[in-house]
Amino acid sequence: MAKEIFDFYDRTSLKSYNLDKSMQYQLNILDSLDVFTRKHCENVASIVCRICQYLHCTKSFTEYCTICAYLHDIGKQFIPSSILQKNGPLTEEEYKIMKTHTTIGHKICMDDLKLRPYAAGTIYHHEALNGSGYPNGLTKKDIPYEGQIIRVADEFDAIVSKRQYKSHIGIIDTLKILIDETKPVSNTDAIQVIISETKPDGSHKLGKNNPIIVKALMKVIIDDTEYEISCIMDYLKDLKVDIKRLEEIEKYDKKRNVTKNEDKKNYYLSGMKILLKGNETVDNYAEILNSYRNILNERNEHINKLFQEIKTIKKLKV
């Protein structure tokens, strides 16, 4: 049986990139209020789509889940901007207000027949398998798979994306956080006592995140990292060609500077000019060559860092 492929960027198959007017209206409002939230929704939708592929979900479920993810934070359009864009941690009262974006978003979707099929993303994406999530404190048996998938993608992007109120956290540290959240809360933690008392169904033995989904996310991250390495390597191939050309110019220039024969000076100068490109000149080629060499070294260091990052991710245990 042929493997079913779903392309997130295929406008003919993904409704979230061929949105009906109702969806476009809602998302345009969201965009006008908070650019961070709009970008976050797009990121989460893309990550969810690719997680679904690694989970071997059907094309129809992948499309459905992706659109749910794209709409998951639509309720934030009614959260005050003073809270949504606050430059600092939220107070307890502000956090209570922020959490209402789930129920607000759910109502928006349920009140619109065109959005109703995708309401799950809004109401379930902050629920946790162990019952410690919100808005309803559901446990694994009551949280649909799309909600579990969106939760992982949502948390990943929220942590790694640099917001106005927090500093950037690296991908490895972010994955470690998500992996830790696949495990039950420590018995010594007061939260464990609360969960086990309020959720006597055994859900306290679970973590917040589904480990299978976190594993799929890790594969997505490895794919992204390998693609970034590939793009850099392609760029460096062209850069090396330019460096080699500029080094030939450098050789001509050195010969031109040591010879006392004017004919030879002109010969070497002509050779230099033939090799020059674009805005390069006899006077600035050395500066450009030096900058290219620095870029080459920096990119090679970055590639080595990315390879090491892949090795580290592969060693992480879920």
# chains A, B, ... in the order shown; residues from 1 in each chain; ligands from 1
>>> residues_around(residues="segment 303-316 of chain A", least_positions_apart="3", cutoff="9 Å", atoms="only C-alpha atoms", output="list in words")
Ile171, Ile172, Leu175, Lys176, Ile179, Met218, Lys219, Ile221, Ile222, Thr225, Glu226, Glu228, Ile229, Ile232, Met233, Glu298, Arg299 and Asn300 of chain A
>>> write_last_selection(atoms="C-alpha atoms", output="CSV table (one decimal), in the first residue's frame")
chain,number,residue,atom,x,y,z
A,171,ILE,CA,15.8,23.5,21.2
A,172,ILE,CA,17.6,20.8,23.2
A,175,LEU,CA,12.8,19.0,24.2
A,176,LYS,CA,14.1,18.1,27.6
A,179,ILE,CA,10.3,14.8,27.7
A,218,MET,CA,11.9,15.0,17.9
A,219,LYS,CA,11.9,13.4,14.4
A,221,ILE,CA,13.2,18.7,14.7
A,222,ILE,CA,15.9,16.4,13.4
A,225,THR,CA,18.1,20.5,11.4
A,226,GLU,CA,19.2,18.2,8.6
A,228,GLU,CA,19.2,23.5,7.6
A,229,ILE,CA,22.5,21.8,7.3
A,232,ILE,CA,24.0,25.9,4.4
A,233,MET,CA,26.2,23.4,2.6
A,298,GLU,CA,31.3,30.8,10.8
A,299,ARG,CA,29.0,28.6,8.7
A,300,ASN,CA,31.2,25.6,9.1
>>> residues_around(residues="His40 of chain A", least_positions_apart="2", cutoff="9 Å", atoms="only C-alpha atoms", output="list in words")
Val35, Phe36, Thr37, Arg38, Glu42, Asn43, Val44, Ala45, Tyr70, Asp73, Asp154, Asp157, Ala158 and Ser161 of chain A
>>> write_last_selection(atoms="C-alpha atoms", output="mmCIF file, in the first residue's frame")
data_model
loop_
_atom_site.group_PDB
_atom_site.id
_atom_site.type_symbol
_atom_site.label_atom_id
_atom_site.label_comp_id
_atom_site.auth_asym_id
_atom_site.auth_seq_id
_atom_site.Cartn_x
_atom_site.Cartn_y
_atom_site.Cartn_z
ATOM 1 C CA VAL A 35 1.452 39.415 15.468
ATOM 2 C CA PHE A 36 3.103 36.956 17.874
ATOM 3 C CA THR A 37 -0.077 34.918 18.196
ATOM 4 C CA ARG A 38 -0.655 34.819 14.443
ATOM 5 C CA GLU A 42 1.076 29.215 11.775
ATOM 6 C CA ASN A 43 4.103 27.570 13.398
ATOM 7 C CA VAL A 44 1.971 25.215 15.472
ATOM 8 C CA ALA A 45 -0.105 24.234 12.425
ATOM 9 C CA TYR A 70 -4.191 26.863 13.027
ATOM 10 C CA ASP A 73 -5.546 30.283 19.820
ATOM 11 C CA ASP A 154 1.957 24.429 20.981
ATOM 12 C CA ASP A 157 6.778 26.649 19.749
ATOM 13 C CA ALA A 158 5.790 28.730 22.776
ATOM 14 C CA SER A 161 9.955 31.338 20.184
#
>>> closest_residue(among="A:Cys109, A:Lys317, A:Asn210, A:Thr182", to="Pro144 of chain A", atoms="only C-alpha atoms")
A:Asn210
>>> closest_residue(among="A:Ile274, A:Leu217, A:Val185, A:Leu246", to="Arg151 of chain A", atoms="only C-alpha atoms")
A:Leu217
>>> residues_around(residues="segment 96-100 of chain A", least_positions_apart="5", cutoff="10 Å", atoms="only C-alpha atoms", output="mmCIF file with all heavy atoms, in the first residue's frame")
data_model
loop_
_atom_site.group_PDB
_atom_site.id
_atom_site.type_symbol
_atom_site.label_atom_id
_atom_site.label_comp_id
_atom_site.auth_asym_id
_atom_site.auth_seq_id
_atom_site.Cartn_x
_atom_site.Cartn_y
_atom_site.Cartn_z
ATOM 1 N N GLY A 75 -9.230 32.338 20.320
ATOM 2 C CA GLY A 75 -9.877 33.024 21.440
ATOM 3 C C GLY A 75 -9.066 34.157 22.016
ATOM 4 O O GLY A 75 -9.591 35.007 22.741
ATOM 5 N N LYS A 76 -7.776 34.227 21.687
ATOM 6 C CA LYS A 76 -6.921 35.278 22.238
ATOM 7 C C LYS A 76 -7.256 36.657 21.679
ATOM 8 O O LYS A 76 -6.788 37.664 22.218
ATOM 9 C CB LYS A 76 -5.445 34.946 21.975
ATOM 10 C CG LYS A 76 -4.918 33.867 22.896
ATOM 11 C CD LYS A 76 -3.423 33.637 22.720
ATOM 12 C CE LYS A 76 -2.898 32.601 23.715
ATOM 13 N NZ LYS A 76 -1.452 32.347 23.531
ATOM 14 N N PHE A 78 -9.866 38.082 22.100
ATOM 15 C CA PHE A 78 -10.675 38.760 23.113
ATOM 16 C C PHE A 78 -9.964 38.849 24.460
ATOM 17 O O PHE A 78 -10.586 39.213 25.462
ATOM 18 C CB PHE A 78 -12.018 38.040 23.268
ATOM 19 C CG PHE A 78 -12.892 38.187 22.047
ATOM 20 C CD1 PHE A 78 -13.099 37.113 21.194
ATOM 21 C CD2 PHE A 78 -13.474 39.404 21.733
ATOM 22 C CE1 PHE A 78 -13.888 37.240 20.062
ATOM 23 C CE2 PHE A 78 -14.263 39.543 20.599
ATOM 24 C CZ PHE A 78 -14.472 38.458 19.758
ATOM 25 N N ILE A 79 -8.686 38.519 24.494
ATOM 26 C CA ILE A 79 -7.879 38.725 25.690
ATOM 27 C C ILE A 79 -7.293 40.137 25.624
ATOM 28 O O ILE A 79 -6.746 40.526 24.588
ATOM 29 C CB ILE A 79 -6.742 37.687 25.783
ATOM 30 C CG1 ILE A 79 -7.298 36.271 25.813
ATOM 31 C CG2 ILE A 79 -5.874 37.947 27.011
ATOM 32 C CD1 ILE A 79 -8.208 35.965 26.991
ATOM 33 N N PRO A 80 -7.405 40.938 26.693
ATOM 34 C CA PRO A 80 -6.883 42.311 26.657
ATOM 35 C C PRO A 80 -5.424 42.352 26.229
ATOM 36 O O PRO A 80 -4.619 41.527 26.659
ATOM 37 C CB PRO A 80 -7.050 42.782 28.109
ATOM 38 C CG PRO A 80 -8.158 41.945 28.657
ATOM 39 C CD PRO A 80 -8.022 40.602 27.991
ATOM 40 N N ILE A 83 -2.624 42.181 28.692
ATOM 41 C CA ILE A 83 -2.247 40.865 29.202
ATOM 42 C C ILE A 83 -1.536 40.071 28.112
ATOM 43 O O ILE A 83 -0.479 39.483 28.338
ATOM 44 C CB ILE A 83 -3.492 40.085 29.694
ATOM 45 C CG1 ILE A 83 -4.098 40.793 30.917
ATOM 46 C CG2 ILE A 83 -3.141 38.638 30.028
ATOM 47 C CD1 ILE A 83 -5.383 40.156 31.410
ATOM 48 N N LEU A 84 -2.107 40.087 26.924
ATOM 49 C CA LEU A 84 -1.576 39.295 25.818
ATOM 50 C C LEU A 84 -0.165 39.730 25.437
ATOM 51 O O LEU A 84 0.681 38.904 25.079
ATOM 52 C CB LEU A 84 -2.506 39.430 24.611
ATOM 53 C CG LEU A 84 -2.381 38.385 23.508
ATOM 54 C CD1 LEU A 84 -2.681 36.994 24.035
ATOM 55 C CD2 LEU A 84 -3.322 38.721 22.355
ATOM 56 N N LEU A 90 2.893 37.012 33.952
ATOM 57 C CA LEU A 90 1.524 37.361 34.317
ATOM 58 C C LEU A 90 1.288 37.149 35.811
ATOM 59 O O LEU A 90 1.855 36.242 36.419
ATOM 60 C CB LEU A 90 0.528 36.497 33.521
ATOM 61 C CG LEU A 90 0.588 36.593 32.002
ATOM 62 C CD1 LEU A 90 -0.439 35.646 31.384
ATOM 63 C CD2 LEU A 90 0.360 38.014 31.522
ATOM 64 N N THR A 91 0.435 37.992 36.377
ATOM 65 C CA THR A 91 0.008 37.774 37.753
ATOM 66 C C THR A 91 -0.980 36.609 37.774
ATOM 67 O O THR A 91 -1.441 36.149 36.726
ATOM 68 C CB THR A 91 -0.672 39.020 38.326
ATOM 69 O OG1 THR A 91 -1.895 39.256 37.590
ATOM 70 C CG2 THR A 91 0.228 40.248 38.195
ATOM 71 N N GLY A 105 -12.381 30.732 22.571
ATOM 72 C CA GLY A 105 -12.136 30.214 21.229
ATOM 73 C C GLY A 105 -13.109 29.108 20.862
ATOM 74 O O GLY A 105 -13.583 29.029 19.722
ATOM 75 N N HIS A 106 -13.424 28.260 21.840
ATOM 76 C CA HIS A 106 -14.371 27.168 21.600
ATOM 77 C C HIS A 106 -15.745 27.715 21.249
ATOM 78 O O HIS A 106 -16.422 27.221 20.341
ATOM 79 C CB HIS A 106 -14.449 26.275 22.839
ATOM 80 C CG HIS A 106 -15.246 25.032 22.628
ATOM 81 N ND1 HIS A 106 -16.497 24.850 23.184
ATOM 82 C CD2 HIS A 106 -14.996 23.910 21.909
ATOM 83 C CE1 HIS A 106 -16.959 23.674 22.823
ATOM 84 N NE2 HIS A 106 -16.082 23.080 22.052
ATOM 85 N N ILE A 123 -10.325 24.032 22.596
ATOM 86 C CA ILE A 123 -10.718 23.646 23.954
ATOM 87 C C ILE A 123 -9.785 22.613 24.586
ATOM 88 O O ILE A 123 -9.713 22.490 25.808
ATOM 89 C CB ILE A 123 -12.175 23.120 23.981
ATOM 90 C CG1 ILE A 123 -12.742 23.144 25.404
ATOM 91 C CG2 ILE A 123 -12.269 21.744 23.348
ATOM 92 C CD1 ILE A 123 -12.967 24.513 25.957
ATOM 93 N N HIS A 126 -4.697 22.789 25.918
ATOM 94 C CA HIS A 126 -4.002 22.987 27.202
ATOM 95 C C HIS A 126 -4.385 21.935 28.237
ATOM 96 O O HIS A 126 -3.994 22.041 29.398
ATOM 97 C CB HIS A 126 -4.292 24.385 27.761
ATOM 98 C CG HIS A 126 -3.467 25.468 27.130
ATOM 99 N ND1 HIS A 126 -2.090 25.508 27.219
ATOM 100 C CD2 HIS A 126 -3.833 26.539 26.374
ATOM 101 C CE1 HIS A 126 -1.641 26.562 26.556
ATOM 102 N NE2 HIS A 126 -2.674 27.202 26.032
ATOM 103 N N TYR A 134 -5.951 22.619 31.700
ATOM 104 C CA TYR A 134 -7.170 23.443 31.751
ATOM 105 C C TYR A 134 -7.763 23.512 30.350
ATOM 106 O O TYR A 134 -7.108 23.159 29.381
ATOM 107 C CB TYR A 134 -6.847 24.842 32.301
ATOM 108 C CG TYR A 134 -5.951 25.709 31.435
ATOM 109 C CD1 TYR A 134 -6.480 26.523 30.420
ATOM 110 C CD2 TYR A 134 -4.570 25.733 31.624
ATOM 111 C CE1 TYR A 134 -5.669 27.326 29.633
ATOM 112 C CE2 TYR A 134 -3.744 26.535 30.834
ATOM 113 C CZ TYR A 134 -4.299 27.333 29.853
ATOM 114 O OH TYR A 134 -3.495 28.131 29.079
ATOM 115 N N PRO A 135 -9.041 23.899 30.205
ATOM 116 C CA PRO A 135 -9.926 24.507 31.209
ATOM 117 C C PRO A 135 -10.707 23.498 32.070
ATOM 118 O O PRO A 135 -11.274 23.884 33.082
ATOM 119 C CB PRO A 135 -10.912 25.317 30.351
ATOM 120 C CG PRO A 135 -11.024 24.524 29.093
ATOM 121 C CD PRO A 135 -9.633 23.984 28.836
#
>>> closest_residue(among="A:Ala119, A:Val258, A:Leu269, A:Val48", to="His72 of chain A", atoms="only C-alpha atoms")
A:Ala119
>>> atom_distance(atom1="atom CA of Ile51 of chain A", atom2="atom CA of Ala216 of chain A")
5.5 Å
>>> select_by_dssp(residues="segment 80-297 of chain A", states="alpha helix (DSSP H)", output="VMD selection string")
chain A and resid 81 to 84 92 to 99 101 to 110 120 to 124 145 to 160 171 to 180 190 to 198 211 to 258 262 to 275 285 to 297
>>> residues_around(residues="Leu296 of chain A", least_positions_apart="4", cutoff="8 Å", atoms="only C-alpha atoms", output="list in words")
Leu236, Leu239, Lys240, Tyr292 and Asn300 of chain A
>>> closest_residue(among="A:Val220, A:Ala286, A:Met110, A:Ile104", to="Glu247 of chain A", atoms="only C-alpha atoms")
A:Ala286
>>> residues_around(residues="Cys57 of chain A", least_positions_apart="2", cutoff="12 Å", atoms="only C-alpha atoms", output="PyMOL selection string")
chain A and resi 3-6+48-55+59-66+145-146+149+213+216
>>> residues_around(residues="Asn279 of chain A", least_positions_apart="4", cutoff="10 Å", atoms="only C-alpha atoms", output="PyMOL selection string")
chain A and resi 284-285+288
>>> residues_around(residues="Ile169 of chain A", least_positions_apart="2", cutoff="7 Å", atoms="only C-alpha atoms", output="list in words")
Ile159, Val160, Ser167, Ile171, Asp173 and Thr174 of chain A
>>> write_last_selection(atoms="all heavy atoms", output="mmCIF file, in the first residue's frame")
data_model
loop_
_atom_site.group_PDB
_atom_site.id
_atom_site.type_symbol
_atom_site.label_atom_id
_atom_site.label_comp_id
_atom_site.auth_asym_id
_atom_site.auth_seq_id
_atom_site.Cartn_x
_atom_site.Cartn_y
_atom_site.Cartn_z
ATOM 1 N N ILE A 159 7.799 27.777 23.782
ATOM 2 C CA ILE A 159 9.042 27.844 24.549
ATOM 3 C C ILE A 159 10.201 28.349 23.694
ATOM 4 O O ILE A 159 10.974 29.216 24.121
ATOM 5 C CB ILE A 159 9.383 26.470 25.153
ATOM 6 C CG1 ILE A 159 8.317 26.058 26.175
ATOM 7 C CG2 ILE A 159 10.753 26.509 25.841
ATOM 8 C CD1 ILE A 159 8.491 24.654 26.717
ATOM 9 N N VAL A 160 10.339 27.833 22.476
ATOM 10 C CA VAL A 160 11.510 28.194 21.663
ATOM 11 C C VAL A 160 11.384 29.558 21.006
ATOM 12 O O VAL A 160 12.390 30.167 20.641
ATOM 13 C CB VAL A 160 11.805 27.141 20.569
ATOM 14 C CG1 VAL A 160 12.104 25.805 21.175
ATOM 15 C CG2 VAL A 160 10.676 27.045 19.570
ATOM 16 N N SER A 167 13.191 35.347 27.439
ATOM 17 C CA SER A 167 14.364 35.122 26.599
ATOM 18 C C SER A 167 14.251 33.776 25.897
ATOM 19 O O SER A 167 13.489 32.908 26.296
ATOM 20 C CB SER A 167 15.630 35.170 27.454
ATOM 21 O OG SER A 167 15.573 34.192 28.468
ATOM 22 N N ILE A 171 16.621 24.598 21.605
ATOM 23 C CA ILE A 171 15.797 23.461 21.196
ATOM 24 C C ILE A 171 16.031 22.248 22.092
ATOM 25 O O ILE A 171 15.082 21.573 22.499
ATOM 26 C CB ILE A 171 16.077 23.115 19.719
ATOM 27 C CG1 ILE A 171 15.472 24.186 18.813
ATOM 28 C CG2 ILE A 171 15.516 21.739 19.359
ATOM 29 C CD1 ILE A 171 15.778 24.005 17.347
ATOM 30 N N ASP A 173 17.084 22.103 25.237
ATOM 31 C CA ASP A 173 16.479 22.323 26.554
ATOM 32 C C ASP A 173 14.957 22.253 26.482
ATOM 33 O O ASP A 173 14.299 21.767 27.398
ATOM 34 C CB ASP A 173 16.907 23.675 27.126
ATOM 35 C CG ASP A 173 18.371 23.677 27.549
ATOM 36 O OD1 ASP A 173 18.890 22.586 27.861
ATOM 37 O OD2 ASP A 173 18.988 24.757 27.562
ATOM 38 N N THR A 174 14.403 22.739 25.368
ATOM 39 C CA THR A 174 12.951 22.683 25.190
ATOM 40 C C THR A 174 12.472 21.229 25.096
ATOM 41 O O THR A 174 11.485 20.845 25.726
ATOM 42 C CB THR A 174 12.529 23.439 23.917
ATOM 43 O OG1 THR A 174 12.935 24.803 24.035
ATOM 44 C CG2 THR A 174 11.017 23.391 23.727
#
